[in-house]
Amino acid sequence: MQYLLALFQDESAWPKMTKEQQEQGAGAYMAYTESLKAAGVLKNSNRLQPSASATTLRTKNAKVQVQDGPFADSKEQLAGYYLIDVPDLDAALAWARRCPAVGHGVIEVRAIWDMG
């Protein structure tokens, strides 16, 4: 079964980190990604541009409104994701626990709805 690990982080924290801290953080994510690949469970992953680059659409009074920026201001922003294929939720949670984002952000684990 496929699960999306949605990573939410405070995007303002990265520029405040030292170069060494940024290198350590990037290394932790690369190692995590490699472990997912080695286990054969990684389907896809990507990092997202900052939330300021988002465009939000919503319908109000039967008209679609387009707004620059994220849907809502919040402490954490959607920073990236991992799409994994594992047997069940317990396995997805085990992988989420190993993700570096759990130490400095929030990980939402959500099953993919098979439309087939």
# chains A, B, ... in the order shown; residues from 1 in each chain; ligands from 1
$ residues_around --residues "range 80-90 of chain A" --least-positions-apart "6" --cutoff "8 Å" --atoms "only C-alpha atoms" --output "JSON, numbers by chain"
{"A": [1, 2, 3, 4, 5, 6, 7, 8, 41, 42, 43, 44, 45, 46, 47, 48, 111]}
$ write_last_selection --atoms "all heavy atoms" --output "short mmCIF file (atom, residue, chain, number, x, y, z; two decimals), in the first residue's frame"
data_model
loop_
_atom_site.label_atom_id
_atom_site.label_comp_id
_atom_site.auth_asym_id
_atom_site.auth_seq_id
_atom_site.Cartn_x
_atom_site.Cartn_y
_atom_site.Cartn_z
N MET A 1 0.84 -1.17 0.00
CA MET A 1 0.00 0.00 0.00
C MET A 1 0.89 1.24 0.00
O MET A 1 1.92 1.27 0.66
CB MET A 1 -0.90 -0.02 1.23
CG MET A 1 -1.81 1.15 1.33
SD MET A 1 -3.11 0.82 2.53
CE MET A 1 -4.34 1.90 1.91
N GLN A 2 0.48 2.25 -0.73
CA GLN A 2 1.27 3.48 -0.80
C GLN A 2 0.82 4.48 0.26
O GLN A 2 -0.37 4.63 0.54
CB GLN A 2 1.16 4.10 -2.18
CG GLN A 2 1.87 3.29 -3.24
CD GLN A 2 1.94 4.01 -4.56
OE1 GLN A 2 1.49 5.14 -4.72
NE2 GLN A 2 2.53 3.35 -5.55
N TYR A 3 1.82 5.15 0.83
CA TYR A 3 1.59 6.19 1.84
C TYR A 3 2.41 7.43 1.47
O TYR A 3 3.54 7.31 0.98
CB TYR A 3 2.03 5.72 3.23
CG TYR A 3 1.14 4.67 3.81
CD1 TYR A 3 1.35 3.32 3.54
CD2 TYR A 3 0.07 5.01 4.61
CE1 TYR A 3 0.52 2.34 4.06
CE2 TYR A 3 -0.77 4.03 5.15
CZ TYR A 3 -0.53 2.71 4.86
OH TYR A 3 -1.37 1.75 5.38
N LEU A 4 1.82 8.58 1.72
CA LEU A 4 2.51 9.83 1.54
C LEU A 4 2.99 10.30 2.91
O LEU A 4 2.19 10.38 3.85
CB LEU A 4 1.58 10.89 0.94
CG LEU A 4 2.25 12.23 0.66
CD1 LEU A 4 3.17 12.13 -0.55
CD2 LEU A 4 1.21 13.31 0.42
N LEU A 5 4.28 10.56 3.01
CA LEU A 5 4.83 11.18 4.20
C LEU A 5 5.00 12.65 3.86
O LEU A 5 5.90 13.03 3.11
CB LEU A 5 6.19 10.57 4.57
CG LEU A 5 6.27 9.05 4.68
CD1 LEU A 5 7.67 8.63 5.12
CD2 LEU A 5 5.22 8.50 5.62
N ALA A 6 4.10 13.49 4.33
CA ALA A 6 4.14 14.93 4.05
C ALA A 6 4.94 15.60 5.16
O ALA A 6 4.59 15.48 6.34
CB ALA A 6 2.72 15.50 3.98
N LEU A 7 6.00 16.31 4.79
CA LEU A 7 6.91 16.91 5.76
C LEU A 7 6.61 18.39 5.93
O LEU A 7 6.67 19.16 4.97
CB LEU A 7 8.36 16.74 5.29
CG LEU A 7 8.77 15.35 4.79
CD1 LEU A 7 10.23 15.35 4.38
CD2 LEU A 7 8.47 14.29 5.80
N PHE A 8 6.27 18.78 7.13
CA PHE A 8 5.99 20.18 7.45
C PHE A 8 7.09 20.70 8.35
O PHE A 8 7.41 20.07 9.38
CB PHE A 8 4.63 20.30 8.17
CG PHE A 8 3.47 19.95 7.30
CD1 PHE A 8 3.04 18.64 7.17
CD2 PHE A 8 2.80 20.94 6.59
CE1 PHE A 8 1.95 18.30 6.37
CE2 PHE A 8 1.70 20.62 5.78
CZ PHE A 8 1.30 19.30 5.68
N VAL A 41 11.35 0.62 -0.96
CA VAL A 41 10.02 1.14 -0.65
C VAL A 41 9.76 2.54 -1.21
O VAL A 41 8.62 3.00 -1.24
CB VAL A 41 9.74 1.15 0.87
CG1 VAL A 41 9.82 -0.28 1.42
CG2 VAL A 41 10.67 2.07 1.63
N LEU A 42 10.81 3.22 -1.67
CA LEU A 42 10.65 4.60 -2.17
C LEU A 42 10.04 4.60 -3.57
O LEU A 42 10.56 3.97 -4.48
CB LEU A 42 11.99 5.33 -2.19
CG LEU A 42 11.93 6.78 -2.65
CD1 LEU A 42 11.15 7.63 -1.67
CD2 LEU A 42 13.34 7.34 -2.82
N LYS A 43 8.93 5.31 -3.72
CA LYS A 43 8.30 5.47 -5.03
C LYS A 43 8.67 6.82 -5.63
O LYS A 43 8.86 6.95 -6.84
CB LYS A 43 6.77 5.36 -4.93
CG LYS A 43 6.25 4.05 -4.37
CD LYS A 43 6.69 2.87 -5.15
CE LYS A 43 5.80 2.64 -6.35
NZ LYS A 43 6.18 1.48 -7.14
N ASN A 44 8.73 7.87 -4.78
CA ASN A 44 9.03 9.21 -5.26
C ASN A 44 9.29 10.09 -4.04
O ASN A 44 8.85 9.78 -2.94
CB ASN A 44 7.85 9.76 -6.07
CG ASN A 44 8.25 10.90 -6.98
OD1 ASN A 44 9.28 11.54 -6.79
ND2 ASN A 44 7.43 11.16 -7.99
N SER A 45 10.00 11.18 -4.27
CA SER A 45 10.18 12.18 -3.22
C SER A 45 10.62 13.48 -3.87
O SER A 45 11.13 13.49 -4.99
CB SER A 45 11.24 11.74 -2.20
OG SER A 45 12.52 11.74 -2.77
N ASN A 46 10.37 14.58 -3.17
CA ASN A 46 10.81 15.87 -3.66
C ASN A 46 10.73 16.89 -2.55
O ASN A 46 9.96 16.75 -1.60
CB ASN A 46 9.97 16.34 -4.85
CG ASN A 46 10.82 16.55 -6.08
OD1 ASN A 46 11.91 17.09 -5.99
ND2 ASN A 46 10.32 16.10 -7.21
N ARG A 47 11.54 17.90 -2.71
CA ARG A 47 11.52 19.07 -1.83
C ARG A 47 10.74 20.15 -2.56
O ARG A 47 10.83 20.26 -3.79
CB ARG A 47 12.96 19.51 -1.58
CG ARG A 47 13.10 20.65 -0.63
CD ARG A 47 14.56 20.94 -0.38
NE ARG A 47 14.68 22.12 0.47
CZ ARG A 47 15.82 22.71 0.74
NH1 ARG A 47 16.94 22.23 0.23
NH2 ARG A 47 15.85 23.76 1.51
N LEU A 48 10.00 20.96 -1.82
CA LEU A 48 9.18 22.00 -2.43
C LEU A 48 9.85 23.37 -2.29
O LEU A 48 10.60 23.61 -1.34
CB LEU A 48 7.80 22.03 -1.79
CG LEU A 48 6.99 20.74 -1.90
CD1 LEU A 48 5.68 20.87 -1.14
CD2 LEU A 48 6.74 20.38 -3.34
N ALA A 111 -2.51 7.50 3.79
CA ALA A 111 -2.62 6.44 2.78
C ALA A 111 -3.12 7.05 1.46
O ALA A 111 -3.93 7.97 1.44
CB ALA A 111 -3.61 5.38 3.24
#
$ residues_around --residues "Leu57 in chain A" --least-positions-apart "5" --cutoff "7 Å" --atoms "only C-alpha atoms" --output "count of residues only"
4
$ atom_distance --atom1 "CA of Met30 in chain A" --atom2 "CA of Cys99 in chain A"
10.4 Å
$ select_by_dssp --residues "chain A" --states "strand (DSSP E or B)" --output "PyMOL selection string"
chain A and resi 2-9+42-47+55-60+63-68+77-85+105-111
$ select_by_dssp --residues "chain A" --states "helix (DSSP H, G or I)" --output "ChimeraX atom specification"
/A:14-16,19-39,51-53,89-98,100-103
$ write_last_selection --atoms "C-alpha atoms" --output "mmCIF file, in the first residue's frame"
data_model
loop_
_atom_site.group_PDB
_atom_site.id
_atom_site.type_symbol
_atom_site.label_atom_id
_atom_site.label_comp_id
_atom_site.auth_asym_id
_atom_site.auth_seq_id
_atom_site.Cartn_x
_atom_site.Cartn_y
_atom_site.Cartn_z
ATOM 1 C CA TRP A 14 17.059 26.964 7.386
ATOM 2 C CA PRO A 15 18.622 30.365 6.585
ATOM 3 C CA LYS A 16 19.370 30.867 10.297
ATOM 4 C CA LYS A 19 26.694 26.126 6.901
ATOM 5 C CA GLU A 20 27.799 23.138 8.986
ATOM 6 C CA GLN A 21 24.278 22.642 10.362
ATOM 7 C CA GLN A 22 22.818 22.871 6.839
ATOM 8 C CA GLU A 23 25.316 20.280 5.579
ATOM 9 C CA GLN A 24 24.455 17.964 8.482
ATOM 10 C CA GLY A 25 20.743 18.388 7.784
ATOM 11 C CA ALA A 26 21.125 17.743 4.062
ATOM 12 C CA GLY A 27 23.274 14.698 4.825
ATOM 13 C CA ALA A 28 20.641 13.284 7.165
ATOM 14 C CA TYR A 29 17.967 13.564 4.464
ATOM 15 C CA MET A 30 20.261 12.018 1.827
ATOM 16 C CA ALA A 31 21.007 9.078 4.150
ATOM 17 C CA TYR A 32 17.292 8.623 4.883
ATOM 18 C CA THR A 33 16.464 8.704 1.172
ATOM 19 C CA GLU A 34 19.171 6.136 0.449
ATOM 20 C CA SER A 35 17.796 3.841 3.172
ATOM 21 C CA LEU A 36 14.316 4.045 1.603
ATOM 22 C CA LYS A 37 15.818 3.190 -1.801
ATOM 23 C CA ALA A 38 17.875 0.312 -0.388
ATOM 24 C CA ALA A 39 14.745 -1.152 1.219
ATOM 25 C CA SER A 51 5.579 28.614 0.533
ATOM 26 C CA ALA A 52 5.832 32.213 -0.713
ATOM 27 C CA SER A 53 6.049 30.766 -4.248
ATOM 28 C CA LEU A 89 0.299 1.725 8.312
ATOM 29 C CA ASP A 90 2.616 0.294 10.962
ATOM 30 C CA ALA A 91 5.398 0.002 8.395
ATOM 31 C CA ALA A 92 4.705 3.546 7.129
ATOM 32 C CA LEU A 93 4.879 4.867 10.691
ATOM 33 C CA ALA A 94 8.147 3.034 11.273
ATOM 34 C CA TRP A 95 9.660 4.777 8.243
ATOM 35 C CA ALA A 96 8.213 8.142 9.308
ATOM 36 C CA ARG A 97 9.852 7.763 12.732
ATOM 37 C CA ARG A 98 13.235 7.453 10.991
ATOM 38 C CA PRO A 100 14.899 13.580 9.984
ATOM 39 C CA ALA A 101 11.829 15.870 9.780
ATOM 40 C CA VAL A 102 10.341 14.265 12.892
ATOM 41 C CA GLY A 103 13.098 15.966 14.916
#
$ closest_residue --among "A:Gly116, A:Gly69, A:Gly105, A:Pro50" --to "Gln9 in chain A" --atoms "only C-alpha atoms"
A:Gly105
$ atom_distance --atom1 "CA of Ser12 in chain A" --atom2 "CA of Ala54 in chain A"
15.6 Å
